$ cat upload34.txt   # compact mmCIF, C-alpha atoms
# COMPACT_ATOMS: atom_id res chain seq x y z
CA MET A 321 -14.50 34.88 -84.45
CA LYS A 322 -12.96 31.58 -85.44
CA GLU A 323 -10.26 32.11 -82.84
CA GLU A 324 -12.86 32.50 -80.12
CA ILE A 325 -14.58 29.33 -81.24
CA VAL A 326 -11.28 27.46 -81.19
CA ASN A 327 -10.43 28.78 -77.74
CA SER A 328 -13.87 27.86 -76.48
CA GLU A 329 -13.48 24.35 -77.86
CA ILE A 330 -10.07 24.04 -76.23
CA GLU A 331 -11.49 25.09 -72.87
CA ARG A 332 -14.33 22.62 -73.27
CA LEU A 333 -11.89 19.82 -74.03
CA LYS A 334 -9.75 20.76 -71.04
CA ALA A 335 -12.79 20.73 -68.80
CA GLU A 336 -13.85 17.37 -70.19
CA ILE A 337 -10.35 15.93 -69.67
CA ASN A 338 -10.26 17.25 -66.09
CA PHE A 339 -13.69 15.76 -65.46
CA HIS A 340 -12.55 12.37 -66.71
CA LYS A 341 -9.42 12.59 -64.53
CA ILE A 342 -11.49 13.51 -61.49
CA GLU A 343 -13.97 10.76 -62.27
CA LYS A 344 -11.17 8.21 -62.71
CA THR A 345 -9.50 9.35 -59.50
CA ALA A 346 -12.82 9.11 -57.67
CA ARG A 347 -13.38 5.59 -58.95
CA TRP A 348 -9.89 4.53 -57.81
CA SER A 349 -10.40 6.21 -54.46
CA GLN A 350 -13.69 4.38 -54.08
CA ARG A 351 -12.08 1.06 -54.92
CA ILE A 352 -9.17 1.71 -52.54
CA GLY A 353 -11.64 2.71 -49.84
CA ILE A 354 -13.64 -0.48 -50.32
CA VAL A 355 -10.46 -2.61 -50.22
CA THR A 356 -9.20 -0.74 -47.16
CA LEU A 357 -12.50 -1.19 -45.35
CA SER A 358 -12.51 -4.88 -46.26
CA VAL A 359 -8.97 -5.33 -44.94
CA LEU A 360 -9.81 -3.42 -41.76
CA PHE A 361 -12.92 -5.52 -41.26
CA ILE A 362 -10.94 -8.74 -41.73
CA LEU A 363 -8.27 -7.51 -39.31
CA PHE A 364 -10.93 -6.48 -36.80
CA ALA A 365 -12.66 -9.85 -37.07
CA ALA A 366 -9.35 -11.70 -36.72
CA GLY A 367 -8.35 -9.52 -33.76
CA THR A 368 -11.69 -10.15 -32.09
CA LEU A 369 -11.30 -13.91 -32.52
CA ARG A 370 -7.71 -13.77 -31.26
CA LEU A 371 -8.72 -11.69 -28.25
CA SER A 372 -11.54 -14.11 -27.49
CA TYR A 373 -9.10 -17.04 -27.72
CA LEU A 374 -6.55 -15.32 -25.47
CA MET A 375 -9.23 -14.48 -22.91
CA LYS A 376 -10.28 -18.13 -22.90
CA GLU A 377 -6.65 -19.20 -22.43
CA VAL A 378 -6.26 -16.75 -19.55
CA GLY A 379 -9.43 -18.11 -17.98
CA ASP A 380 -8.21 -21.70 -18.36
CA LEU A 381 -4.81 -20.84 -16.88
CA GLU A 382 -6.42 -19.06 -13.94
CA ALA A 383 -8.64 -22.08 -13.29
CA LYS A 384 -5.59 -24.38 -13.43
CA ARG A 385 -3.67 -22.05 -11.10
CA LYS A 386 -6.48 -22.16 -8.54
CA ALA A 387 -6.73 -25.95 -8.85
CA LEU A 388 -2.96 -26.33 -8.38
CA LYS A 389 -3.05 -23.99 -5.38
CA ILE A 390 -5.77 -26.08 -3.74
CA GLU A 391 -3.88 -29.29 -4.57
CA ASN A 392 -0.65 -27.84 -3.18
CA GLN A 393 -2.37 -26.76 0.03
CA THR A 394 -3.84 -30.25 0.40
CA LEU A 395 -0.44 -31.88 -0.16
CA GLU A 396 1.24 -29.51 2.31
CA LYS A 397 -1.40 -30.36 4.90
CA LYS A 398 -0.92 -34.10 4.36
CA ASN A 399 2.86 -33.65 4.42
CA LEU A 400 2.70 -31.80 7.72
CA GLN A 401 0.38 -34.46 9.17
CA LEU A 402 2.82 -37.16 8.07
CA LYS A 403 5.78 -35.31 9.55
CA THR A 404 3.96 -34.69 12.82
CA ALA A 405 3.11 -38.38 13.03
CA LEU A 406 6.70 -39.47 12.39
CA VAL A 407 8.72 -37.00 14.46
CA PRO A 408 8.22 -38.75 17.81
CA TYR A 409 9.67 -41.88 16.23
CA PHE A 410 12.75 -39.94 15.10
CA GLY A 411 13.23 -38.39 18.53
CA LEU A 412 12.99 -34.82 17.21
CA SER A 413 12.86 -32.00 19.73
CA THR A 414 9.87 -29.74 20.37
CA ASP A 415 11.59 -26.82 18.62
CA SER A 416 12.28 -28.97 15.58
CA ILE A 417 8.62 -30.00 15.42
CA LYS A 418 7.51 -26.34 15.55
CA ASN A 419 9.78 -25.43 12.64
CA ILE A 420 9.40 -28.62 10.66
CA ALA A 421 7.29 -27.13 7.86
CA VAL A 422 9.84 -24.43 7.07
CA SER A 423 13.18 -26.08 7.73
CA PRO A 424 15.32 -28.91 6.30
CA VAL A 425 15.26 -30.70 9.67
CA PHE A 426 12.82 -33.37 8.57
CA GLU A 427 14.63 -34.06 5.29
CA LYS A 428 17.86 -34.59 7.23
CA SER A 429 16.01 -36.84 9.68
CA LEU A 430 14.67 -38.96 6.83
CA SER A 431 18.15 -39.25 5.34
CA ALA A 432 19.67 -40.20 8.70
CA ASN A 433 16.91 -42.73 9.31
CA ALA A 434 17.54 -44.39 5.93
CA ALA A 435 21.30 -44.55 6.60
CA LEU A 436 20.69 -45.93 10.09
CA LYS A 437 18.40 -48.67 8.76
CA THR A 438 20.97 -49.66 6.13
CA LEU A 439 23.73 -49.78 8.74
CA ALA A 440 21.58 -51.81 11.14
CA ARG A 441 21.05 -54.51 8.50
CA HIS A 442 24.67 -55.65 8.70
CA SER A 443 25.76 -54.30 12.08
CA SER A 444 24.47 -54.23 15.63
CA PRO A 445 25.82 -52.53 18.77
CA THR A 446 28.73 -54.34 20.34
CA LYS A 447 27.80 -55.70 23.76
CA LYS A 448 30.85 -54.10 25.36
CA THR A 449 30.12 -50.61 24.03
CA ILE A 450 28.63 -48.24 26.60
CA VAL A 451 27.09 -44.91 25.65
CA THR A 452 27.57 -42.13 28.20
CA TYR A 453 25.10 -39.33 27.51
CA TYR A 454 25.28 -35.93 29.18
CA THR A 455 21.59 -35.08 28.87
CA LYS A 456 20.42 -31.48 29.16
CA THR A 457 16.75 -31.22 28.18
CA ILE A 458 13.55 -33.22 28.44
CA ASP A 459 13.49 -33.52 24.66
CA GLU A 460 16.81 -35.36 24.68
CA GLN A 461 15.16 -38.11 26.72
CA ARG A 462 13.63 -39.21 23.42
CA VAL A 463 17.11 -39.67 22.01
CA VAL A 464 18.13 -41.65 25.08
CA GLN A 465 15.21 -43.99 24.51
CA GLU A 466 16.06 -44.40 20.82
CA LEU A 467 19.65 -45.33 21.67
CA LYS A 468 18.42 -47.84 24.23
CA ASN A 469 16.07 -49.28 21.61
CA LEU A 470 19.06 -49.90 19.34
CA GLY A 471 20.55 -52.11 22.05
CA PHE A 472 23.30 -49.93 23.52
CA LYS A 473 24.23 -50.13 27.18
CA PHE A 474 23.59 -46.74 28.62
CA GLN A 475 24.84 -44.32 31.25
CA GLU A 476 23.15 -40.98 31.78
CA ARG A 477 25.25 -38.28 33.38
CA PRO A 478 24.38 -34.71 34.35
CA PRO A 479 26.55 -32.11 32.61
CA SER A 480 28.82 -29.81 34.55
CA THR A 481 27.38 -26.45 35.59
CA ARG A 482 29.53 -24.70 32.98
CA MET A 483 28.24 -26.93 30.17
CA SER A 484 24.63 -27.35 31.30
CA LYS A 485 23.34 -24.70 28.88
CA LYS A 486 25.47 -25.77 25.94
CA GLU A 487 23.81 -27.73 23.15
CA THR A 488 24.95 -31.27 22.46
CA ASN A 489 27.27 -31.06 19.45
CA ALA A 490 29.82 -33.89 19.58
CA LEU A 491 30.63 -37.45 20.47
CA TRP A 492 33.89 -39.12 21.44
CA TYR A 493 34.73 -42.82 21.38
CA GLY A 494 37.34 -45.18 22.80
CA SER A 495 39.96 -47.29 21.06
CA GLN A 496 37.91 -50.52 21.12
CA VAL A 497 34.61 -49.00 19.98
CA PRO A 498 33.77 -50.26 16.47
CA LEU A 499 33.36 -47.52 13.87
CA ASP A 500 29.82 -48.70 13.11
CA ASP A 501 28.84 -48.22 16.77
CA ALA A 502 29.99 -44.61 16.65
CA LYS A 503 28.15 -44.12 13.37
CA MET A 504 24.91 -45.58 14.74
CA VAL A 505 24.96 -43.22 17.71
CA ALA A 506 25.80 -40.24 15.49
CA LEU A 507 23.05 -41.06 12.97
CA THR A 508 20.53 -41.43 15.79
CA LEU A 509 21.48 -37.96 17.03
CA LEU A 510 21.26 -36.48 13.52
CA ARG A 511 17.88 -38.12 13.01
CA ALA A 512 16.69 -36.39 16.18
CA GLY A 513 17.72 -32.99 14.81
CA ILE A 514 20.75 -32.60 17.09
CA HIS A 515 23.52 -30.53 15.50
CA ILE A 516 26.52 -32.83 15.61
CA LYS A 517 29.66 -31.01 14.53
CA SER A 518 32.35 -33.54 15.36
CA ILE A 519 32.98 -37.24 15.96
CA ARG A 520 36.38 -37.82 17.57
CA PRO A 521 38.46 -40.54 19.17
CA PHE A 522 39.38 -39.66 22.75
CA ARG A 523 42.54 -37.57 22.87
CA SER A 524 44.21 -40.19 25.09
CA ASN A 525 43.57 -43.11 22.71
CA SER A 526 47.02 -43.03 21.14
CA LEU A 527 48.90 -42.69 24.44
CA ASN A 528 46.62 -44.82 26.60
CA PRO A 529 44.41 -47.14 24.51
CA ALA A 530 42.76 -48.48 27.66
CA PHE A 531 41.33 -45.03 28.51
CA LYS A 532 37.54 -45.31 28.17
CA LYS A 533 38.23 -47.98 25.58
CA ASN A 534 34.59 -49.17 25.30
CA ILE A 535 32.92 -45.80 25.85
CA ILE A 536 31.06 -43.47 23.50
CA GLU A 537 30.48 -40.09 25.13
CA VAL A 538 27.80 -37.74 23.84
CA GLY A 539 28.14 -34.15 25.00
CA ALA A 540 29.18 -30.62 24.08
CA SER A 541 32.41 -28.83 23.28
CA THR A 542 32.73 -25.05 23.13
CA ASP A 543 35.54 -25.18 20.57
CA LEU A 544 33.12 -26.71 18.03
CA GLU A 545 30.32 -24.16 18.23
CA GLN A 546 31.38 -22.22 15.13
CA LEU A 547 31.87 -25.31 12.96
CA PRO A 548 29.25 -26.47 10.42
CA ASP A 549 27.08 -29.47 11.23
CA LEU A 550 28.19 -32.86 9.97
CA SER A 551 26.08 -34.11 7.08
CA VAL A 552 24.44 -37.52 7.09
CA GLU A 553 26.54 -38.51 4.08
CA ARG A 554 29.77 -37.46 5.80
CA VAL A 555 28.97 -39.71 8.77
CA ASP A 556 27.59 -42.59 6.73
CA LYS A 557 30.51 -42.76 4.27
CA ALA A 558 33.31 -42.15 6.78
CA GLU A 559 36.02 -44.80 6.99
CA SER A 560 37.47 -43.19 10.11
CA PHE A 561 37.19 -40.06 12.24
CA GLU A 562 40.14 -37.92 13.22
CA ARG A 563 40.66 -35.34 15.92
$ encode --input "upload34.txt" --output "structure tokens"
Amino acid sequence: MKEEIVNSEIERLKAEINFHKIEKTARWSQRIGIVTLSVLFILFAAGTLRLSYLMKEVGDLEAKRKALKIENQTLEKKNLQLKTALVPYFGLSTDSIKNIAVSPVFEKSLSANAALKTLARHSSPTKKTIVTYYTKTIDEQRVVQELKNLGFKFQERPPSTRMSKKETNALWYGSQVPLDDAKMVALTLLRAGIHIKSIRPFRSNSLNPAFKKNIIEVGASTDLEQLPDLSVERVDKAESFER
């Protein structure tokens, strides 16, 4: 009988211990749950604020992008208007004007114009120098006028039948033509968008210095067609030109 009572008491104590363990575990679980929910709420609130901030930043950036696009379009329009207003002064061809917004033609024209102005400050065409120009298109008449405006004596010549469809790409000069005169003509051509590939003394200069001694000839040469264009800097800084 006593043994049964003892066993019963043991079972009761075990049950009570298990109950306390379960109760303790439940309390800890409840606390952990509360902490977890609190952390999740804080993270959710922080995430919501961050998302709201990022959305605002995206909105601001989009507004700035649209404003910059409008400003860029306005500047491009003004730039094109400026170029269109200046190209007749530079003697640019019709094709150059059509492509001016998408090509480096105008930038090269500006550079050539600046170099030409600098050169003209301390040099002027020699009275004896005569420019012979083998003109081929109506557009090149603008270049003719610009060269005349600089003060050069001028001779227009029709090109030969074989060369009539070849683009102007070179100039030659005589033994008594000052280097600055040759440069001024070349820079005027470059300013007009003409692809000058070579500036040469006449082949006969060394053997016969009197040959076309005061002449600058502007024309075309088939042996130059594959060569790169001369840069404005190359012409402007040259101390001499060789064949």
$ closest_residue --input "upload34.txt" --among "A:Asn534, A:Thr488, A:Gln461, A:Gln496" --to "Ser518 of chain A" --atoms "all atoms listed in the file"
A:Thr488
$ atom_distance --input "upload34.txt" --atom1 "atom CA of Thr455 of chain A" --atom2 "atom CA of Glu476 of chain A"
6.8 Å
$ atom_distance --input "upload34.txt" --atom1 "atom CA of Trp492 of chain A" --atom2 "atom CA of Phe531 of chain A"
11.8 Å
$ residues_around --input "upload34.txt" --residues "Ser560 of chain A" --least-positions-apart "5" --cutoff "10 Å" --atoms "all atoms listed in the file" --output "PyMOL selection string"
chain A and resi 499-500+503+519-521+555
$ atom_distance --input "upload34.txt" --atom1 "atom CA of Glu553 of chain A" --atom2 "atom CA of Thr452 of chain A"
24.4 Å
$ closest_residue --input "upload34.txt" --among "A:Leu527, A:Gly471, A:Arg511, A:Ala540" --to "Asn489 of chain A" --atoms "all atoms listed in the file"
A:Ala540
$ axis_aligned_box --input "upload34.txt" --around "segment 547-554 of chain A" --padding-each-side "6 Å" --output "AutoDock Vina command-line options"
--center_x 28.2 --center_y -31.9 --center_z 8.5 --size_x 19.4 --size_y 25.2 --size_z 20.9
$ closest_residue --input "upload34.txt" --among "A:Arg523, A:Lys386, A:Lys473, A:His515" --to "Lys428 of chain A" --atoms "all atoms listed in the file"
A:His515
$ closest_residue --input "upload34.txt" --among "A:Val451, A:Val378, A:Leu491, A:Leu436" --to "Leu550 of chain A" --atoms "only C-alpha atoms"
A:Leu491
$ closest_residue --input "upload34.txt" --among "A:Ala366, A:Val538, A:Ile514, A:Leu381" --to "Pro478 of chain A" --atoms "only C-alpha atoms"
A:Val538
$ closest_residue --input "upload34.txt" --among "A:Ser443, A:Ser484, A:Gln393, A:Thr356" --to "Gly539 of chain A" --atoms "all atoms listed in the file"
A:Ser484
